[in-house]
Amino acid sequence: MTVWNPATDRGSGLVGCLACLLLAAAPISAAELTGRASLLGTAGWAGSGDLGATASGSERLTGDQQALRLMLDEAGEHGEWSLHVNTRRLHLDGMPLPMQVPVDRFRYRSLAHDWIDDQGADSVTRAGYAVDRAFYRHRFDQLTVGIGRQPIDWGTGRFWQPMNVFGAFAPTDLDTDFKPGIDALVADWYPSPLSSLTVAWVLSPQHDPAEDSAAAYFRRQVGMQSELALLAGRVRGENVTGAALQGEVRGMGWRVEGVRHGIGQGEDGGLSWIAGVDYQLRDGTLLTAEWRDHGGTTIPSEPLTADTMRPEDRRVLGLGASRDLTPLLQGGYTLLVSPLRGADGSREFSWLHQLNLTWSMSNESDLLLSLLHADGRGLDATGHPRSAFGHLPTTVTLRYRHYF
């Protein structure tokens, strides 16, 4: 007789439990099948010191992507389940590959496959699929339990969310409609109408020596216009504790959020925190400002980019403005500024500008034009960034998106 050992077969056990729960969810009415198709094209110019530039100097960069997300969702009186599958074809000519998605660090298996994976000296073509969500949730009186590949979205920040320890969007991401799912068992308890407690046990990758992660996230309304959030857990072998407070004063929203990593492990730990404000003008323009300082720690939920590894790039100021220019046209502007010291001790800055224009073509489709330009010190002689944004090439992106 074979006995299942959760310490050695965690992924198979989670999949098996999920299958049993889906079968137990009967009777189930007809599930709703929806989808999203998107077409994206990018053109860029890499100057000296930018990613994608050749040894002889500047270089033109191009890229295109065609993607289809199929979504099968069902919600009943006591439970719900969801299955999302992404298919994508990506071609890049001279443009660097996107960085590793941090969420992969919290998936036991990738559940993805590339039918095409051609990589040449300066071009890449890939086509394949990936299971992005596959979970079941059951609702009790004051408790909801979910198992499978599901999104976890914590934190209060607009540009950065230190409490999103299981993966967060970057401030310049263009696709934030769906938070990627991670392999987890999640319980949400609502002891009162003004408070909630979420406990998550998250699997590490199958062939990764890191231990499984576990965290608890508590939220409660404080007073009439404030909310308190607390976080404690262990993420990829590192202790994490955090707190956040947000509220409103005379029409201005404010927030403070911070998480300490590695405390109690023979180290001082690193504190990642943000502080920000929001204010909406009478004409509808929303202004946002947020200061970030991540204390030099490598955050498990973020990719290993220059600004998470270099001490001089720990601090970043984010400024944003968004407004409906017409009933069908929305504009948004983001400015990221990272101060750093020059070799002679003088103050220098690294800048990133992003302008987005979104035209609503119908209730189900839109067209996005995005311009990105960065300034600052570029790559050094070994190909490593010398500032947070100076190595990024100037790009223009056009995206068409349709829901059905």
# chains A, B, ... in the order shown; residues from 1 in each chain; ligands from 1
>>> select_by_dssp(residues="region 127-363 of chain A", states="helix (DSSP H, G or I)", output="short mmCIF file (atom, residue, chain, number, x, y, z; two decimals) with C-alpha atoms, in the first residue's frame")
data_model
loop_
_atom_site.label_atom_id
_atom_site.label_comp_id
_atom_site.auth_asym_id
_atom_site.auth_seq_id
_atom_site.Cartn_x
_atom_site.Cartn_y
_atom_site.Cartn_z
CA ALA A 306 19.05 46.88 -10.77
CA ASP A 307 16.97 48.90 -8.35
CA THR A 308 16.53 45.94 -5.97
CA MET A 309 20.23 45.07 -5.96
CA PRO A 311 22.39 50.46 -2.84
CA GLU A 312 22.39 53.75 -4.76
CA ASP A 313 19.03 52.91 -6.40
#
>>> residues_around(residues="His402 (chain A)", least_positions_apart="6", cutoff="9 Å", atoms="only C-alpha atoms", output="PyMOL selection string")
chain A and resi 35-38+364-366
>>> residues_around(residues="Leu355 (chain A)", least_positions_apart="2", cutoff="9 Å", atoms="only C-alpha atoms", output="PyMOL selection string")
chain A and resi 331-335+353+357+369-372
>>> residues_around(residues="region 188-196 of chain A", least_positions_apart="6", cutoff="10 Å", atoms="only C-alpha atoms", output="mmCIF file with N, CA, C and O atoms, in the first residue's frame")
data_model
loop_
_atom_site.group_PDB
_atom_site.id
_atom_site.type_symbol
_atom_site.label_atom_id
_atom_site.label_comp_id
_atom_site.auth_asym_id
_atom_site.auth_seq_id
_atom_site.Cartn_x
_atom_site.Cartn_y
_atom_site.Cartn_z
ATOM 1 N N ARG A 139 -17.512 28.806 0.182
ATOM 2 C CA ARG A 139 -17.911 29.811 1.163
ATOM 3 C C ARG A 139 -18.745 29.182 2.274
ATOM 4 O O ARG A 139 -19.725 28.472 2.006
ATOM 5 N N PHE A 140 -18.338 29.474 3.510
ATOM 6 C CA PHE A 140 -19.105 29.128 4.695
ATOM 7 C C PHE A 140 -19.729 30.409 5.233
ATOM 8 O O PHE A 140 -19.735 31.432 4.570
ATOM 9 N N ASP A 141 -20.240 30.392 6.458
ATOM 10 C CA ASP A 141 -20.903 31.584 6.999
ATOM 11 C C ASP A 141 -19.959 32.778 7.065
ATOM 12 O O ASP A 141 -20.254 33.845 6.534
ATOM 13 N N GLN A 142 -18.814 32.617 7.725
ATOM 14 C CA GLN A 142 -17.846 33.707 7.862
ATOM 15 C C GLN A 142 -16.470 33.317 7.359
ATOM 16 O O GLN A 142 -15.481 33.980 7.673
ATOM 17 N N LEU A 143 -16.408 32.263 6.574
ATOM 18 C CA LEU A 143 -15.121 31.712 6.148
ATOM 19 C C LEU A 143 -15.193 31.298 4.682
ATOM 20 O O LEU A 143 -16.184 30.712 4.230
ATOM 21 N N THR A 144 -14.129 31.629 3.935
ATOM 22 C CA THR A 144 -13.971 31.195 2.552
ATOM 23 C C THR A 144 -12.634 30.482 2.426
ATOM 24 O O THR A 144 -11.603 31.006 2.858
ATOM 25 N N VAL A 145 -12.653 29.287 1.840
ATOM 26 C CA VAL A 145 -11.434 28.490 1.672
ATOM 27 C C VAL A 145 -11.219 28.248 0.189
ATOM 28 O O VAL A 145 -12.132 27.793 -0.517
ATOM 29 N N GLY A 146 -10.021 28.572 -0.297
ATOM 30 C CA GLY A 146 -9.685 28.380 -1.699
ATOM 31 C C GLY A 146 -8.446 27.536 -1.851
ATOM 32 O O GLY A 146 -7.502 27.644 -1.065
ATOM 33 N N ALA A 216 0.101 35.529 7.011
ATOM 34 C CA ALA A 216 -1.218 35.957 7.476
ATOM 35 C C ALA A 216 -1.338 37.453 7.266
ATOM 36 O O ALA A 216 -0.392 38.215 7.545
ATOM 37 N N TYR A 217 -2.518 37.883 6.788
ATOM 38 C CA TYR A 217 -2.763 39.283 6.451
ATOM 39 C C TYR A 217 -4.084 39.702 7.103
ATOM 40 O O TYR A 217 -5.135 39.138 6.804
ATOM 41 N N PHE A 218 -4.001 40.697 7.990
ATOM 42 C CA PHE A 218 -5.175 41.142 8.753
ATOM 43 C C PHE A 218 -5.505 42.577 8.383
ATOM 44 O O PHE A 218 -4.617 43.430 8.295
ATOM 45 N N ARG A 219 -6.796 42.862 8.149
ATOM 46 C CA ARG A 219 -7.256 44.212 7.826
ATOM 47 C C ARG A 219 -8.419 44.571 8.741
ATOM 48 O O ARG A 219 -9.283 43.742 9.034
ATOM 49 N N ARG A 220 -8.446 45.854 9.147
ATOM 50 C CA ARG A 220 -9.542 46.325 9.984
ATOM 51 C C ARG A 220 -9.732 47.820 9.803
ATOM 52 O O ARG A 220 -8.752 48.575 9.731
ATOM 53 N N GLN A 221 -10.977 48.225 9.709
ATOM 54 C CA GLN A 221 -11.281 49.657 9.651
ATOM 55 C C GLN A 221 -11.034 50.281 11.010
ATOM 56 O O GLN A 221 -11.418 49.748 12.047
ATOM 57 N N VAL A 222 -10.387 51.455 10.997
ATOM 58 C CA VAL A 222 -10.069 52.179 12.230
ATOM 59 C C VAL A 222 -10.707 53.558 12.122
ATOM 60 O O VAL A 222 -10.337 54.354 11.251
ATOM 61 N N GLU A 227 -7.924 52.721 7.694
ATOM 62 C CA GLU A 227 -7.850 51.263 7.697
ATOM 63 C C GLU A 227 -6.444 50.825 8.075
ATOM 64 O O GLU A 227 -5.448 51.390 7.604
ATOM 65 N N LEU A 228 -6.361 49.804 8.927
ATOM 66 C CA LEU A 228 -5.089 49.249 9.388
ATOM 67 C C LEU A 228 -4.919 47.854 8.812
ATOM 68 O O LEU A 228 -5.871 47.072 8.769
ATOM 69 N N ALA A 229 -3.695 47.535 8.370
ATOM 70 C CA ALA A 229 -3.377 46.198 7.863
ATOM 71 C C ALA A 229 -2.087 45.711 8.510
ATOM 72 O O ALA A 229 -1.147 46.503 8.702
#
>>> residues_around(residues="region 130-136 of chain A", least_positions_apart="4", cutoff="8 Å", atoms="only C-alpha atoms", output="PyMOL selection string")
chain A and resi 18+21-22+79-87+110-113+146-151+180-182
>>> write_last_selection(atoms="N, CA and C atoms", output="mmCIF file, in the first residue's frame")
data_model
loop_
_atom_site.group_PDB
_atom_site.id
_atom_site.type_symbol
_atom_site.label_atom_id
_atom_site.label_comp_id
_atom_site.auth_asym_id
_atom_site.auth_seq_id
_atom_site.Cartn_x
_atom_site.Cartn_y
_atom_site.Cartn_z
ATOM 1 N N LEU A 18 -7.648 19.576 -5.249
ATOM 2 C CA LEU A 18 -8.412 20.486 -6.087
ATOM 3 C C LEU A 18 -9.397 19.721 -6.961
ATOM 4 N N LEU A 21 -12.365 18.596 -4.881
ATOM 5 C CA LEU A 21 -13.250 19.697 -4.540
ATOM 6 C C LEU A 21 -14.088 20.114 -5.739
ATOM 7 N N LEU A 22 -13.490 20.116 -6.935
ATOM 8 C CA LEU A 22 -14.256 20.468 -8.128
ATOM 9 C C LEU A 22 -15.365 19.454 -8.388
ATOM 10 N N GLY A 79 -20.030 28.282 -3.545
ATOM 11 C CA GLY A 79 -18.670 28.126 -4.033
ATOM 12 C C GLY A 79 -18.498 28.669 -5.433
ATOM 13 N N GLU A 80 -17.246 28.730 -5.864
ATOM 14 C CA GLU A 80 -16.905 29.196 -7.199
ATOM 15 C C GLU A 80 -15.625 28.520 -7.650
ATOM 16 N N TRP A 81 -15.478 28.375 -8.950
ATOM 17 C CA TRP A 81 -14.226 27.861 -9.493
ATOM 18 C C TRP A 81 -13.878 28.626 -10.759
ATOM 19 N N SER A 82 -12.580 28.574 -11.107
ATOM 20 C CA SER A 82 -12.100 29.364 -12.232
ATOM 21 C C SER A 82 -10.938 28.655 -12.902
ATOM 22 N N LEU A 83 -10.914 28.730 -14.234
ATOM 23 C CA LEU A 83 -9.821 28.178 -15.022
ATOM 24 C C LEU A 83 -9.479 29.167 -16.132
ATOM 25 N N HIS A 84 -8.248 29.688 -16.115
ATOM 26 C CA HIS A 84 -7.780 30.634 -17.124
ATOM 27 C C HIS A 84 -6.553 30.053 -17.826
ATOM 28 N N VAL A 85 -6.582 30.065 -19.154
ATOM 29 C CA VAL A 85 -5.462 29.592 -19.951
ATOM 30 C C VAL A 85 -5.041 30.697 -20.904
ATOM 31 N N ASN A 86 -3.752 30.987 -20.925
ATOM 32 C CA ASN A 86 -3.197 32.003 -21.827
ATOM 33 C C ASN A 86 -2.443 31.338 -22.970
ATOM 34 N N THR A 87 -2.666 31.771 -24.173
ATOM 35 C CA THR A 87 -1.841 31.390 -25.313
ATOM 36 C C THR A 87 -1.205 32.665 -25.866
ATOM 37 N N SER A 110 5.087 24.821 -13.602
ATOM 38 C CA SER A 110 4.756 25.949 -14.476
ATOM 39 C C SER A 110 3.444 25.738 -15.215
ATOM 40 N N LEU A 111 3.090 24.478 -15.548
ATOM 41 C CA LEU A 111 1.887 24.176 -16.335
ATOM 42 C C LEU A 111 1.868 25.029 -17.605
ATOM 43 N N ALA A 112 3.010 25.044 -18.278
ATOM 44 C CA ALA A 112 3.172 25.836 -19.500
ATOM 45 C C ALA A 112 4.039 25.066 -20.480
ATOM 46 N N HIS A 113 3.891 25.401 -21.751
ATOM 47 C CA HIS A 113 4.695 24.742 -22.780
ATOM 48 C C HIS A 113 4.813 25.669 -23.983
ATOM 49 N N GLY A 146 -10.021 28.572 -0.297
ATOM 50 C CA GLY A 146 -9.685 28.380 -1.699
ATOM 51 C C GLY A 146 -8.446 27.536 -1.851
ATOM 52 N N ILE A 147 -8.419 26.679 -2.878
ATOM 53 C CA ILE A 147 -7.268 25.826 -3.139
ATOM 54 C C ILE A 147 -6.991 25.823 -4.630
ATOM 55 N N GLY A 148 -5.718 25.871 -4.999
ATOM 56 C CA GLY A 148 -5.329 25.846 -6.397
ATOM 57 C C GLY A 148 -4.524 27.066 -6.799
ATOM 58 N N ARG A 149 -4.430 27.298 -8.095
ATOM 59 C CA ARG A 149 -3.677 28.444 -8.636
ATOM 60 C C ARG A 149 -4.583 29.661 -8.638
ATOM 61 N N GLN A 150 -4.362 30.562 -7.709
ATOM 62 C CA GLN A 150 -5.261 31.689 -7.480
ATOM 63 C C GLN A 150 -4.458 32.952 -7.194
ATOM 64 N N PRO A 151 -5.024 34.134 -7.474
ATOM 65 C CA PRO A 151 -4.298 35.386 -7.208
ATOM 66 C C PRO A 151 -4.396 35.780 -5.744
ATOM 67 N N PRO A 180 -1.694 37.395 -11.775
ATOM 68 C CA PRO A 180 -1.350 35.990 -12.013
ATOM 69 C C PRO A 180 -1.601 35.138 -10.766
ATOM 70 N N GLY A 181 -2.008 33.918 -10.985
ATOM 71 C CA GLY A 181 -2.292 33.021 -9.877
ATOM 72 C C GLY A 181 -1.042 32.324 -9.368
ATOM 73 N N ILE A 182 -1.045 31.973 -8.091
ATOM 74 C CA ILE A 182 0.034 31.204 -7.470
ATOM 75 C C ILE A 182 -0.577 29.969 -6.827
#
>>> closest_residue(among="A:Val240, A:Leu398, A:Leu379, A:Val165", to="Thr54 (chain A)", atoms="only C-alpha atoms")
A:Leu379
>>> residues_around(residues="region 39-46 of chain A", least_positions_apart="4", cutoff="9 Å", atoms="only C-alpha atoms", output="JSON, numbers by chain")
{"A": [50, 51, 52, 53, 54, 57, 58, 59, 60, 61, 62, 63, 64, 65, 66, 67, 95, 391, 392, 393, 394, 395, 396, 397, 398, 399, 400, 401]}
>>> write_last_selection(atoms="C-alpha atoms", output="tab-separated table (two decimals), in the first residue's frame")
chain	number	residue	atom	x	y	z
A	50	ASP	CA	20.98	51.09	-23.42
A	51	LEU	CA	19.79	47.51	-23.41
A	52	GLY	CA	19.65	46.27	-26.99
A	53	ALA	CA	22.36	48.59	-28.31
A	54	THR	CA	25.09	46.97	-30.38
A	57	GLY	CA	26.27	52.14	-31.46
A	58	SER	CA	22.52	52.74	-31.51
A	59	GLU	CA	20.03	50.15	-32.71
A	60	ARG	CA	16.38	50.04	-33.73
A	61	LEU	CA	14.29	47.54	-31.80
A	62	THR	CA	10.97	45.94	-32.69
A	63	GLY	CA	8.62	43.46	-31.09
A	64	ASP	CA	5.12	42.12	-31.51
A	65	GLN	CA	2.82	39.87	-29.50
A	66	GLN	CA	-0.50	38.16	-30.12
A	67	ALA	CA	-2.24	36.75	-27.04
A	95	MET	CA	14.79	43.91	-28.01
A	391	HIS	CA	19.74	51.65	-19.39
A	392	LEU	CA	16.13	51.36	-20.68
A	393	PRO	CA	15.64	52.11	-24.40
A	394	THR	CA	13.03	54.59	-25.64
A	395	THR	CA	9.95	52.69	-26.84
A	396	VAL	CA	6.51	53.30	-28.29
A	397	THR	CA	3.84	50.59	-27.87
A	398	LEU	CA	0.46	50.19	-29.54
A	399	ARG	CA	-1.98	47.62	-28.14
A	400	TYR	CA	-5.46	46.56	-29.24
A	401	ARG	CA	-7.55	44.59	-26.72
>>> closest_residue(among="A:Leu336, A:Leu325, A:Asp208, A:Arg137", to="Ala289 (chain A)", atoms="only C-alpha atoms")
A:Leu336
>>> residues_around(residues="Thr382 (chain A)", least_positions_apart="4", cutoff="12 Å", atoms="only C-alpha atoms", output="number ranges by chain")
A: 49, 378, 386
>>> write_last_selection(atoms="N, CA, C and O atoms", output="PDB file, in the first residue's frame")
ATOM      1  N   GLY A  49      24.766  52.671 -24.368  1.00  0.00           N
ATOM      2  CA  GLY A  49      24.564  52.364 -22.962  1.00  0.00           C
ATOM      3  C   GLY A  49      23.206  51.785 -22.638  1.00  0.00           C
ATOM      4  O   GLY A  49      22.944  51.449 -21.488  1.00  0.00           O
ATOM      5  N   GLY A 378      23.787  54.710 -18.214  1.00  0.00           N
ATOM      6  CA  GLY A 378      23.411  53.450 -18.833  1.00  0.00           C
ATOM      7  C   GLY A 378      24.243  52.286 -18.332  1.00  0.00           C
ATOM      8  O   GLY A 378      24.722  52.271 -17.184  1.00  0.00           O
ATOM      9  N   ARG A 386      24.009  51.002 -14.390  1.00  0.00           N
ATOM     10  CA  ARG A 386      24.631  51.920 -13.437  1.00  0.00           C
ATOM     11  C   ARG A 386      23.620  52.853 -12.787  1.00  0.00           C
ATOM     12  O   ARG A 386      24.003  53.703 -11.976  1.00  0.00           O
TER      13      ARG A 386
END
